[in-house]
Structures are given as C-alpha cells and as structure tokens.
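Here is the file data00.txt (compact mmCIF, C-alpha atoms and all ligand atoms).
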# COMPACT_ATOMS: atom_id res chain seq x y z
CA MET A 194 89.92 74.01 114.90
CA LEU A 195 89.52 73.79 111.11
CA THR A 196 91.90 71.88 108.87
CA ALA A 197 92.91 73.84 105.77
CA GLY A 198 94.62 71.96 102.97
CA VAL A 199 96.92 73.67 100.48
CA ILE A 200 97.77 71.63 97.40
CA ALA A 201 101.57 71.70 97.44
CA VAL A 202 102.66 69.49 94.55
CA GLN A 203 104.04 72.67 92.94
CA GLY A 204 103.53 76.42 93.18
CA ASP A 205 103.23 79.16 95.79
CA VAL A 206 102.21 77.47 99.00
CA SER A 207 103.49 79.35 102.06
CA GLU A 208 101.96 82.70 101.06
CA HIS A 209 98.56 81.02 100.83
CA ALA A 210 99.02 79.32 104.19
CA ASP A 211 99.73 82.74 105.74
CA ALA A 212 96.74 84.34 103.99
CA ILE A 213 94.40 81.58 105.23
CA ARG A 214 95.65 82.12 108.80
CA ARG A 215 95.15 85.90 108.54
CA ALA A 216 91.64 85.48 107.11
CA ALA A 217 90.73 82.94 109.79
CA ASP A 218 92.00 85.28 112.48
CA ARG A 219 89.81 88.12 111.23
CA HIS A 220 86.79 85.80 111.36
CA GLY A 221 87.54 84.48 114.84
CA GLU A 222 88.43 80.99 113.54
CA SER A 223 91.55 78.95 114.13
CA VAL A 224 93.04 76.76 111.42
CA GLU A 225 95.69 74.14 111.10
CA VAL A 226 97.23 74.31 107.62
CA ARG A 227 98.36 71.09 105.95
CA GLU A 228 100.43 70.94 102.77
CA ILE A 229 99.21 68.26 100.40
CA ARG A 230 101.65 66.23 98.34
CA GLU A 231 100.14 62.77 98.74
CA PRO A 232 96.70 61.16 98.77
CA GLY A 233 94.73 60.66 101.97
CA ILE A 234 94.88 64.21 103.36
CA VAL A 235 92.27 66.00 101.22
CA PRO A 236 89.36 64.00 102.74
CA GLU A 237 90.47 65.14 106.21
CA CYS A 238 90.33 68.84 105.28
CA ASP A 239 87.50 71.30 105.94
CA LEU A 240 88.65 73.74 103.31
CA LEU A 241 90.99 73.43 100.36
CA LEU A 242 93.15 75.73 98.31
CA MET A 243 94.79 75.03 94.95
CA PRO A 244 97.47 77.66 94.23
CA GLY A 245 99.15 79.06 91.14
CA GLY A 246 102.23 77.61 89.51
CA GLU A 247 102.26 75.77 86.20
CA SER A 248 98.94 74.17 85.31
CA THR A 249 100.45 71.48 83.06
CA THR A 250 102.74 70.33 85.89
CA ILE A 251 100.11 70.59 88.63
CA SER A 252 97.52 68.59 86.70
CA ARG A 253 100.04 65.87 85.85
CA LEU A 254 101.31 65.56 89.43
CA LEU A 255 97.79 65.45 90.86
CA ARG A 256 96.95 62.57 88.55
CA ASP A 257 100.27 60.74 89.14
CA GLU A 258 99.85 61.01 92.90
CA GLY A 259 96.17 60.03 92.81
CA ILE A 260 95.03 63.28 94.44
CA ASP A 261 92.85 64.37 91.50
CA ASP A 262 89.82 62.25 92.37
CA GLU A 263 90.03 63.27 96.03
CA ILE A 264 89.77 66.93 94.99
CA ARG A 265 86.81 66.16 92.71
CA GLN A 266 85.08 64.41 95.61
CA PHE A 267 85.89 67.30 97.99
CA ALA A 268 84.23 69.78 95.61
CA ALA A 269 81.27 67.45 95.02
CA ASP A 270 80.76 67.25 98.79
CA GLY A 271 80.15 71.01 98.78
CA LYS A 272 83.15 71.93 100.93
CA PRO A 273 84.74 75.37 100.36
CA MET A 274 87.55 75.67 97.83
CA LEU A 275 89.66 78.52 96.51
CA VAL A 276 91.56 78.00 93.26
CA THR A 277 93.95 80.66 92.00
CA CYS A 278 95.71 81.27 88.70
CA ALA A 279 97.08 77.87 87.57
CA GLY A 280 94.74 76.37 90.18
CA LEU A 281 91.81 77.98 88.34
CA ILE A 282 93.05 76.50 85.06
CA VAL A 283 93.30 73.01 86.59
CA ALA A 284 89.87 73.30 88.25
CA SER A 285 88.11 74.42 85.06
CA SER A 286 86.04 72.28 82.73
CA ASP A 287 88.23 73.13 79.74
CA ALA A 288 91.65 74.78 79.51
CA LYS A 289 91.77 74.40 75.74
CA ASP A 290 95.16 72.75 76.06
CA GLU A 291 95.52 68.98 75.88
CA ARG A 292 98.52 69.06 78.25
CA VAL A 293 96.21 70.11 81.08
CA THR A 294 93.84 67.44 82.41
CA THR A 295 91.23 69.59 84.07
CA LEU A 296 89.35 68.52 87.20
CA ASP A 297 86.03 69.90 85.92
CA ILE A 298 84.90 71.22 89.30
CA LEU A 299 84.25 74.75 88.06
CA ASP A 300 82.02 75.11 85.01
CA VAL A 301 84.17 77.57 83.07
CA THR A 302 86.47 77.47 80.08
CA VAL A 303 89.71 79.36 80.47
CA ASP A 304 92.30 80.95 78.29
CA ARG A 305 95.80 80.17 79.63
CA ASN A 306 98.16 83.16 79.49
CA ALA A 307 95.28 85.37 78.34
CA PHE A 308 97.17 88.53 79.24
CA GLY A 309 100.48 87.56 77.61
CA ARG A 310 103.70 86.20 79.06
CA GLN A 311 105.70 87.03 82.19
CA LYS A 312 106.55 90.57 81.06
CA ASP A 313 102.84 91.29 80.86
CA SER A 314 102.27 90.74 84.56
CA PHE A 315 100.38 93.63 86.12
CA GLU A 316 98.53 94.87 89.18
CA ALA A 317 95.04 96.29 89.29
CA HIS A 318 92.63 97.47 91.94
CA LEU A 319 89.54 95.43 91.23
CA ASP A 320 85.95 95.77 92.29
CA VAL A 321 85.05 92.30 93.55
CA GLU A 322 81.47 91.24 94.23
CA GLY A 323 81.13 90.79 97.99
CA LEU A 324 84.00 93.13 98.96
CA ASN A 325 83.21 96.70 99.92
CA SER A 326 86.35 98.30 98.51
CA PRO A 327 88.74 97.49 95.65
CA PHE A 328 91.08 94.52 96.00
CA PRO A 329 94.79 94.84 95.05
CA ALA A 330 95.12 92.05 92.49
CA VAL A 331 98.46 90.80 91.16
CA PHE A 332 98.34 89.06 87.76
CA ILE A 333 101.29 86.87 86.73
CA ARG A 334 101.00 85.12 83.35
CA ALA A 335 97.37 85.07 84.30
CA PRO A 336 94.54 83.18 82.64
CA ALA A 337 91.13 84.66 81.96
CA VAL A 338 87.75 82.99 82.04
CA ASP A 339 86.27 82.71 78.56
CA GLU A 340 82.89 81.14 79.10
CA VAL A 341 80.90 80.60 82.27
CA GLY A 342 78.26 77.94 82.92
CA GLU A 343 74.77 78.93 84.04
CA ASN A 344 75.47 78.37 87.75
CA VAL A 345 78.64 80.45 87.76
CA ASP A 346 78.64 84.00 89.13
CA VAL A 347 81.16 86.51 87.83
CA LEU A 348 82.84 88.26 90.78
CA ALA A 349 85.31 90.52 88.96
CA THR A 350 86.62 91.61 85.58
CA ALA A 351 89.90 93.22 84.48
CA LYS A 352 90.73 94.59 81.04
CA ASP A 353 87.26 93.43 79.93
CA ARG A 354 88.01 89.81 80.85
CA VAL A 355 86.42 87.74 83.63
CA VAL A 356 89.02 87.17 86.36
CA ALA A 357 87.08 85.98 89.41
CA VAL A 358 84.14 83.59 89.62
CA ARG A 359 82.13 81.57 92.09
CA GLU A 360 80.15 78.40 91.53
CA GLY A 361 78.57 77.42 94.83
CA ASN A 362 81.36 76.33 97.15
CA VAL A 363 84.21 76.95 94.67
CA VAL A 364 85.77 80.40 94.20
CA GLY A 365 88.32 80.94 91.43
CA THR A 366 90.61 83.88 90.69
CA ALA A 367 92.93 84.47 87.75
CA PHE A 368 95.09 86.67 89.97
CA HIS A 369 97.19 85.92 93.08
CA PRO A 370 95.28 87.03 96.21
CA GLU A 371 98.05 85.66 98.46
CA LEU A 372 100.68 88.17 97.31
CA THR A 373 99.42 91.14 99.27
CA GLU A 374 98.53 91.56 102.95
CA ASP A 375 94.86 91.72 101.99
CA SER A 376 93.28 88.37 102.86
CA ARG A 377 89.69 89.27 101.99
CA ILE A 378 89.47 86.87 99.02
CA HIS A 379 90.47 84.00 101.31
CA GLY A 380 87.86 85.26 103.76
CA LEU A 381 85.21 85.38 101.04
CA ALA A 382 85.97 81.84 99.87
CA PHE A 383 86.28 80.17 103.25
CA PHE A 384 84.72 82.10 106.11
CA GLU A 385 81.73 84.07 104.78
N1 LIG B 1 99.82 80.66 83.01
C1 LIG B 1 100.21 79.67 83.96
C2 LIG B 1 99.72 78.30 83.56
O1 LIG B 1 99.19 78.13 82.53
C3 LIG B 1 99.68 80.04 85.34
C4 LIG B 1 100.47 81.17 85.92
C5 LIG B 1 100.35 81.30 87.42
O2 LIG B 1 99.82 80.45 88.12
N2 LIG B 1 100.91 82.38 87.92
O3 LIG B 1 99.90 77.36 84.29
As structure tokens, how would this structure be written, given the file I've shared?
Ligand code: GLN
Amino acid sequence: MLTAGVIAVQGDVSEHADAIRRAADRHGESVEVREIREPGIVPECDLLLMPGGESTTISRLLRDEGIDDEIRQFAADGKPMLVTCAGLIVASSDAKDERVTTLDILDVTVDRNAFGRQKDSFEAHLDVEGLNSPFPAVFIRAPAVDEVGENVDVLATAKDRVVAVREGNVVGTAFHPELTEDSRIHGLAFFE
C-alpha cells in the first residue's frame, strides 16, 4: 500500500485524489490518499501531488504552516511528485512575481497567466512525451514555462509554449490533468 499525499491548503484536491486512485488501479497498485494541511505528513508519503489553485495563496500557506521545507526535502530525496498549474508555479525556480515564494524544486521559470485570464481558458488535445495518444488537456488561467534548466525535459507544448516538463522525479503541467477521466499523466508521474 502506497501513501499518496495531496497538498490541500487550497485548490482542487478531490479530483486529484480520484485520478491518483484510477492511475494506481491501472498499474495494479493500491494507494491511501492523504490530504495535507499541516506539517508532519509529507515525510510519510511515497508520492506527492501539488494541485492548482492560486499560487500566491498556496505559497504563503505552505510557508505559514511550515510545509514548504518538507516538500523541498521530499523532492530532494528523489520521490515522485506531480505539480499542476498553480502547483507548477509554486514548484518553479522563478515565477517572476514577488508575491510567490517558489520552492525551487523544478528548474524552470514560469509565466503566470501566460494564456490570459479566466475567459481565455481552453482545451487542447496534446501530444505528450511518453503517452501514445493525445491527452485531453484543460487550461484554466494557465501558466507557461518560459525557460528550462539543462536537466529539464519538455514533455508537451501548446500554442508554441512549453506546458509540461519533467526534471527527474518531478513532473509539472500547466494544465489540469485531473479534470478528465484520463489519468495517464498521474500514471506517468507516479507509476511508470
Ligand atoms: N494562474 C493561477 C496562479 O497564478 C493558477 C491557475 C490554476 O491553478 N488554475 O496561481
């Protein structure tokens, strides 16, 4: 039994918990999902997910609660992580916005709201490195990756912007892979 942590200080949590369970099921694994709002749980997890929401709020709450350093340590230990949308912004090395204290666990700079505001949300079928058919990606006030470090692989682009990356054990997406039934991104990050 694996323990999957979902950072739950703010943002879309239950959809991710369901997607992790579906992905685990497909890979013959069983998981217990724990929602993380306080310190002490991250070190007990085997895999960790940081969802979308509002990156300014998430980064502040992680620091206030003292969860930020636990996440940094988790990533440094080489355990698998998936960070999505605002989670990608918080995980980056630079969000180019002083209101976001980044965790610097993914060597990328990001552009918050790269595709415009809420009205500019969109869906796209993306070719993703490692998946054998297009993935239905939902973008909501999505960031884009601006610059990638030398150890970062680009997994997908949309509208000529980088929207999915991997650096070792950490996978990041600008879109919301939990909002469709397709759990292959969770599978890619955690079980392959
Ligand atoms: N653009 C938002 C931010 O900067 C993220 C949006 C999302 O997670 N759907 O936090």
Q.
Env of Asp211 of chain A: 12 Å cut, atoms = only C-alpha atoms, seq-sep filter 2 positions within chain, self excluded. Answer as a list in words.
A.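 My reading of the contact set: Ala197, Val199, Asp205, Val206, Ser207, Glu208, His209, Ile213, Arg214, Arg215, Ala216, Ala217, Asp218, Val224, Glu225, Val226, Arg227, Pro370, Glu371, Leu372, Thr373, Glu374, Asp375, Ser376 and His379 of chain A.
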Q) Restricting the calculation to all atoms listed in the file, which member of A:Glu231, A:Glu291, A:Asp304, A:Glu247 is positioned closest to ligand LIG 1 (chain B)? A)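 Among the listed residues, the smallest separation from ligand LIG 1 (chain B) belongs to A:Glu247.
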(Q) With distances taken over all atoms listed in the file, which residue among A:Gly233, A:Gly280, A:Pro336, A:Gly246 lies nearest Glu258 of chain A? (A) A:Gly233
Each residue of chain A lying at most 7 Å from ligand LIG 1 (chain B) should get a row with its shortest atom-to-atom pair and the distance in Å to one decimal, counting all atoms listed in the file; could you produce that, ordered by chain and increasing number, as JSON lines?
{"residue": "A:Gly245", "atom": "CA", "partner": "B:LIG1", "partner_atom": "O2", "distance": 3.4}
{"residue": "A:Gly246", "atom": "CA", "partner": "B:LIG1", "partner_atom": "O2", "distance": 4.0}
{"residue": "A:Glu247", "atom": "CA", "partner": "B:LIG1", "partner_atom": "O3", "distance": 3.4}
{"residue": "A:Ser248", "atom": "CA", "partner": "B:LIG1", "partner_atom": "O3", "distance": 3.5}
{"residue": "A:Thr249", "atom": "CA", "partner": "B:LIG1", "partner_atom": "O3", "distance": 6.0}
{"residue": "A:Cys278", "atom": "CA", "partner": "B:LIG1", "partner_atom": "O2", "distance": 4.2}
{"residue": "A:Ala279", "atom": "CA", "partner": "B:LIG1", "partner_atom": "O2", "distance": 3.8}
{"residue": "A:Gly280", "atom": "CA", "partner": "B:LIG1", "partner_atom": "O2", "distance": 6.8}
{"residue": "A:Ile282", "atom": "CA", "partner": "B:LIG1", "partner_atom": "O1", "distance": 6.8}
{"residue": "A:Arg305", "atom": "CA", "partner": "B:LIG1", "partner_atom": "O1", "distance": 4.9}
{"residue": "A:Asn306", "atom": "CA", "partner": "B:LIG1", "partner_atom": "N1", "distance": 4.6}
{"residue": "A:Ile333", "atom": "CA", "partner": "B:LIG1", "partner_atom": "N2", "distance": 4.7}
{"residue": "A:Arg334", "atom": "CA", "partner": "B:LIG1", "partner_atom": "N1", "distance": 4.6}
{"residue": "A:Ala335", "atom": "CA", "partner": "B:LIG1", "partner_atom": "N1", "distance": 5.2}
{"residue": "A:Pro336", "atom": "CA", "partner": "B:LIG1", "partner_atom": "N1", "distance": 5.9}
Q: Name the residues within 12 Å of (91.0, 84.9, 85.1), counting all atoms listed in the file in the file's coordinates, and put them as an NGL selection string.
A: :A and (245 or 276-282 or 285 or 288 or 301-308 or 330-341 or 347-359 or 364-369)
Keeping only C-alpha atoms, write the selected residues to a file as a short mmCIF file (atom, residue, chain, number, x, y, z; two decimals), keeping the file's coordinate frame.
data_model
loop_
_atom_site.label_atom_id
_atom_site.label_comp_id
_atom_site.auth_asym_id
_atom_site.auth_seq_id
_atom_site.Cartn_x
_atom_site.Cartn_y
_atom_site.Cartn_z
CA GLY A 245 99.15 79.06 91.14
CA VAL A 276 91.56 78.00 93.26
CA THR A 277 93.95 80.66 92.00
CA CYS A 278 95.71 81.27 88.70
CA ALA A 279 97.08 77.87 87.57
CA GLY A 280 94.74 76.37 90.18
CA LEU A 281 91.81 77.98 88.34
CA ILE A 282 93.05 76.50 85.06
CA SER A 285 88.11 74.42 85.06
CA ALA A 288 91.65 74.78 79.51
CA VAL A 301 84.17 77.57 83.07
CA THR A 302 86.47 77.47 80.08
CA VAL A 303 89.71 79.36 80.47
CA ASP A 304 92.30 80.95 78.29
CA ARG A 305 95.80 80.17 79.63
CA ASN A 306 98.16 83.16 79.49
CA ALA A 307 95.28 85.37 78.34
CA PHE A 308 97.17 88.53 79.24
CA ALA A 330 95.12 92.05 92.49
CA VAL A 331 98.46 90.80 91.16
CA PHE A 332 98.34 89.06 87.76
CA ILE A 333 101.29 86.87 86.73
CA ARG A 334 101.00 85.12 83.35
CA ALA A 335 97.37 85.07 84.30
CA PRO A 336 94.54 83.18 82.64
CA ALA A 337 91.13 84.66 81.96
CA VAL A 338 87.75 82.99 82.04
CA ASP A 339 86.27 82.71 78.56
CA GLU A 340 82.89 81.14 79.10
CA VAL A 341 80.90 80.60 82.27
CA VAL A 347 81.16 86.51 87.83
CA LEU A 348 82.84 88.26 90.78
CA ALA A 349 85.31 90.52 88.96
CA THR A 350 86.62 91.61 85.58
CA ALA A 351 89.90 93.22 84.48
CA LYS A 352 90.73 94.59 81.04
CA ASP A 353 87.26 93.43 79.93
CA ARG A 354 88.01 89.81 80.85
CA VAL A 355 86.42 87.74 83.63
CA VAL A 356 89.02 87.17 86.36
CA ALA A 357 87.08 85.98 89.41
CA VAL A 358 84.14 83.59 89.62
CA ARG A 359 82.13 81.57 92.09
CA VAL A 364 85.77 80.40 94.20
CA GLY A 365 88.32 80.94 91.43
CA THR A 366 90.61 83.88 90.69
CA ALA A 367 92.93 84.47 87.75
CA PHE A 368 95.09 86.67 89.97
CA HIS A 369 97.19 85.92 93.08
#
(Q) One number please: atom CA of Ala212 of chain A to atom CA of Gly323 of chain A, in Å, one decimal. (A)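 These two atoms are separated by 17.9 Å.
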Q: Figure out the distance between atom CA of Leu319 of chain A and atom CA of Leu241 of chain A, please, to one decimal in Å.
A: 23.9 Å
**Q.** Residues within 7 Å of Thr295 of chain A, only C-alpha atoms, excluding chain neighbours under 2 positions, as a PyMOL selection string
**A.** chain A and resi 252+283-288+293+297
Output for the residues just chosen: C-alpha atoms as a compact mmCIF listing (two decimals), in the frame of the given file:
# COMPACT_ATOMS: atom_id res chain seq x y z
CA SER A 252 97.52 68.59 86.70
CA VAL A 283 93.30 73.01 86.59
CA ALA A 284 89.87 73.30 88.25
CA SER A 285 88.11 74.42 85.06
CA SER A 286 86.04 72.28 82.73
CA ASP A 287 88.23 73.13 79.74
CA ALA A 288 91.65 74.78 79.51
CA VAL A 293 96.21 70.11 81.08
CA ASP A 297 86.03 69.90 85.92
Q | Interatomic distance, atom CA of Met243 of chain A to atom CA of Ser326 of chain A (Å, one decimal) | A | 25.0 Å
Q) Nearest to Ile378 of chain A: which of A:Ile200, A:Met274, A:Leu296, A:Ala317 is it, counting all atoms listed in the file? A)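 For Ile378 of chain A, the nearest of the given residues is A:Met274.
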**Q.** Spatial neighbours of Leu195 of chain A, 8 Å, only C-alpha atoms, chain gap at least 5 places, as a ChimeraX atom specification
**A.** /A:222-225,238-240
Selection to disk with C-alpha atoms, as a CSV table (one decimal), in the frame of the given file:
chain,number,residue,atom,x,y,z
A,222,GLU,CA,88.4,81.0,113.5
A,223,SER,CA,91.6,79.0,114.1
A,224,VAL,CA,93.0,76.8,111.4
A,225,GLU,CA,95.7,74.1,111.1
A,238,CYS,CA,90.3,68.8,105.3
A,239,ASP,CA,87.5,71.3,105.9
A,240,LEU,CA,88.6,73.7,103.3
Q: List the neighbours of Leu255 of chain A out to 10 Å using all atoms listed in the file; skip same-chain residues closer than 3 positions along the sequence, and give me the result as a VMD selection string.
A: chain A and resid 200 to 203 230 to 232 250 to 252 258 to 264 283 294 296
Specify the axis-aligned box that encloses all atoms of segment 338-348 of chain A listed in the file after padding of 4 Å on each side, stating its centre and edge lengths in Å to one decimal as lines of an AutoDock Vina configuration file.
center_x = 81.3
center_y = 83.1
center_z = 84.7
size_x = 21.0
size_y = 18.3
size_z = 20.2
Q: Tell me which of A:Val321, A:Val345, A:Leu275, A:Ile234 sits closest to Phe384 of chain A, counting only C-alpha atoms.
A: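 Checking each candidate against Phe384 of chain A, we get A:Leu275 as the closest.
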Kindly add N, CA, C and O atoms to the incomplete segment 356-378 of chain A and provide the output as a PDB file, in the frame of the given file.
ATOM      1  N   VAL A 356      87.834  87.614  85.614  1.00  0.00           N
ATOM      2  CA  VAL A 356      89.020  87.170  86.360  1.00  0.00           C
ATOM      3  C   VAL A 356      88.706  86.634  87.755  1.00  0.00           C
ATOM      4  O   VAL A 356      89.629  86.239  88.474  1.00  0.00           O
ATOM      5  N   ALA A 357      87.438  86.624  88.138  1.00  0.00           N
ATOM      6  CA  ALA A 357      87.080  85.980  89.410  1.00  0.00           C
ATOM      7  C   ALA A 357      85.656  85.460  89.284  1.00  0.00           C
ATOM      8  O   ALA A 357      84.777  86.156  88.749  1.00  0.00           O
ATOM      9  N   VAL A 358      85.444  84.240  89.748  1.00  0.00           N
ATOM     10  CA  VAL A 358      84.140  83.590  89.620  1.00  0.00           C
ATOM     11  C   VAL A 358      83.824  82.789  90.881  1.00  0.00           C
ATOM     12  O   VAL A 358      84.714  82.453  91.659  1.00  0.00           O
ATOM     13  N   ARG A 359      82.545  82.504  91.037  1.00  0.00           N
ATOM     14  CA  ARG A 359      82.130  81.570  92.090  1.00  0.00           C
ATOM     15  C   ARG A 359      81.066  80.635  91.528  1.00  0.00           C
ATOM     16  O   ARG A 359      80.153  81.072  90.836  1.00  0.00           O
ATOM     17  N   GLU A 360      81.218  79.349  91.814  1.00  0.00           N
ATOM     18  CA  GLU A 360      80.150  78.400  91.530  1.00  0.00           C
ATOM     19  C   GLU A 360      79.902  77.644  92.827  1.00  0.00           C
ATOM     20  O   GLU A 360      80.646  76.731  93.191  1.00  0.00           O
ATOM     21  N   GLY A 361      78.882  78.062  93.537  1.00  0.00           N
ATOM     22  CA  GLY A 361      78.570  77.420  94.830  1.00  0.00           C
ATOM     23  C   GLY A 361      79.737  77.525  95.788  1.00  0.00           C
ATOM     24  O   GLY A 361      80.160  78.616  96.168  1.00  0.00           O
ATOM     25  N   ASN A 362      80.299  76.386  96.152  1.00  0.00           N
ATOM     26  CA  ASN A 362      81.360  76.330  97.150  1.00  0.00           C
ATOM     27  C   ASN A 362      82.747  76.612  96.589  1.00  0.00           C
ATOM     28  O   ASN A 362      83.718  76.657  97.340  1.00  0.00           O
ATOM     29  N   VAL A 363      82.876  76.780  95.268  1.00  0.00           N
ATOM     30  CA  VAL A 363      84.210  76.950  94.670  1.00  0.00           C
ATOM     31  C   VAL A 363      84.383  78.379  94.151  1.00  0.00           C
ATOM     32  O   VAL A 363      83.604  78.853  93.332  1.00  0.00           O
ATOM     33  N   VAL A 364      85.425  79.062  94.671  1.00  0.00           N
ATOM     34  CA  VAL A 364      85.770  80.400  94.200  1.00  0.00           C
ATOM     35  C   VAL A 364      87.073  80.305  93.402  1.00  0.00           C
ATOM     36  O   VAL A 364      88.013  79.611  93.811  1.00  0.00           O
ATOM     37  N   GLY A 365      87.114  80.965  92.246  1.00  0.00           N
ATOM     38  CA  GLY A 365      88.320  80.940  91.430  1.00  0.00           C
ATOM     39  C   GLY A 365      88.757  82.345  91.068  1.00  0.00           C
ATOM     40  O   GLY A 365      87.925  83.186  90.748  1.00  0.00           O
ATOM     41  N   THR A 366      90.078  82.590  91.132  1.00  0.00           N
ATOM     42  CA  THR A 366      90.610  83.880  90.690  1.00  0.00           C
ATOM     43  C   THR A 366      91.749  83.659  89.703  1.00  0.00           C
ATOM     44  O   THR A 366      92.532  82.717  89.852  1.00  0.00           O
ATOM     45  N   ALA A 367      91.823  84.532  88.702  1.00  0.00           N
ATOM     46  CA  ALA A 367      92.930  84.470  87.750  1.00  0.00           C
ATOM     47  C   ALA A 367      94.167  85.130  88.329  1.00  0.00           C
ATOM     48  O   ALA A 367      95.278  84.901  87.859  1.00  0.00           O
ATOM     49  N   PHE A 368      93.967  85.952  89.359  1.00  0.00           N
ATOM     50  CA  PHE A 368      95.090  86.670  89.970  1.00  0.00           C
ATOM     51  C   PHE A 368      95.555  85.948  91.231  1.00  0.00           C
ATOM     52  O   PHE A 368      95.032  84.890  91.591  1.00  0.00           O
ATOM     53  N   HIS A 369      96.570  86.536  91.892  1.00  0.00           N
ATOM     54  CA  HIS A 369      97.190  85.920  93.080  1.00  0.00           C
ATOM     55  C   HIS A 369      96.786  86.681  94.345  1.00  0.00           C
ATOM     56  O   HIS A 369      97.476  87.629  94.727  1.00  0.00           O
ATOM     57  N   PRO A 370      95.732  86.274  95.032  1.00  0.00           N
ATOM     58  CA  PRO A 370      95.280  87.030  96.210  1.00  0.00           C
ATOM     59  C   PRO A 370      96.193  86.838  97.422  1.00  0.00           C
ATOM     60  O   PRO A 370      96.025  87.530  98.423  1.00  0.00           O
ATOM     61  N   GLU A 371      97.157  85.925  97.322  1.00  0.00           N
ATOM     62  CA  GLU A 371      98.050  85.660  98.460  1.00  0.00           C
ATOM     63  C   GLU A 371      99.256  86.584  98.478  1.00  0.00           C
ATOM     64  O   GLU A 371     100.041  86.561  99.419  1.00  0.00           O
ATOM     65  N   LEU A 372      99.437  87.399  97.425  1.00  0.00           N
ATOM     66  CA  LEU A 372     100.680  88.170  97.310  1.00  0.00           C
ATOM     67  C   LEU A 372     100.611  89.569  97.906  1.00  0.00           C
ATOM     68  O   LEU A 372     101.548  90.342  97.778  1.00  0.00           O
ATOM     69  N   THR A 373      99.480  89.897  98.517  1.00  0.00           N
ATOM     70  CA  THR A 373      99.420  91.140  99.270  1.00  0.00           C
ATOM     71  C   THR A 373      98.961  90.804 100.686  1.00  0.00           C
ATOM     72  O   THR A 373      98.594  89.663 100.961  1.00  0.00           O
ATOM     73  N   GLU A 374      98.960  91.794 101.559  1.00  0.00           N
ATOM     74  CA  GLU A 374      98.530  91.560 102.950  1.00  0.00           C
ATOM     75  C   GLU A 374      97.017  91.368 103.046  1.00  0.00           C
ATOM     76  O   GLU A 374      96.498  90.917 104.066  1.00  0.00           O
ATOM     77  N   ASP A 375      96.326  91.718 101.966  1.00  0.00           N
ATOM     78  CA  ASP A 375      94.860  91.720 101.990  1.00  0.00           C
ATOM     79  C   ASP A 375      94.321  90.289 101.854  1.00  0.00           C
ATOM     80  O   ASP A 375      94.469  89.665 100.794  1.00  0.00           O
ATOM     81  N   SER A 376      93.730  89.769 102.903  1.00  0.00           N
ATOM     82  CA  SER A 376      93.280  88.370 102.860  1.00  0.00           C
ATOM     83  C   SER A 376      91.763  88.246 102.671  1.00  0.00           C
ATOM     84  O   SER A 376      91.161  87.223 102.994  1.00  0.00           O
ATOM     85  N   ARG A 377      91.149  89.298 102.099  1.00  0.00           N
ATOM     86  CA  ARG A 377      89.690  89.270 101.990  1.00  0.00           C
ATOM     87  C   ARG A 377      89.159  88.234 100.996  1.00  0.00           C
ATOM     88  O   ARG A 377      88.037  87.740 101.154  1.00  0.00           O
ATOM     89  N   ILE A 378      89.940  87.909  99.952  1.00  0.00           N
ATOM     90  CA  ILE A 378      89.470  86.870  99.020  1.00  0.00           C
ATOM     91  C   ILE A 378      89.447  85.516  99.723  1.00  0.00           C
ATOM     92  O   ILE A 378      88.499  84.728  99.567  1.00  0.00           O
TER      93      ILE A 378
END
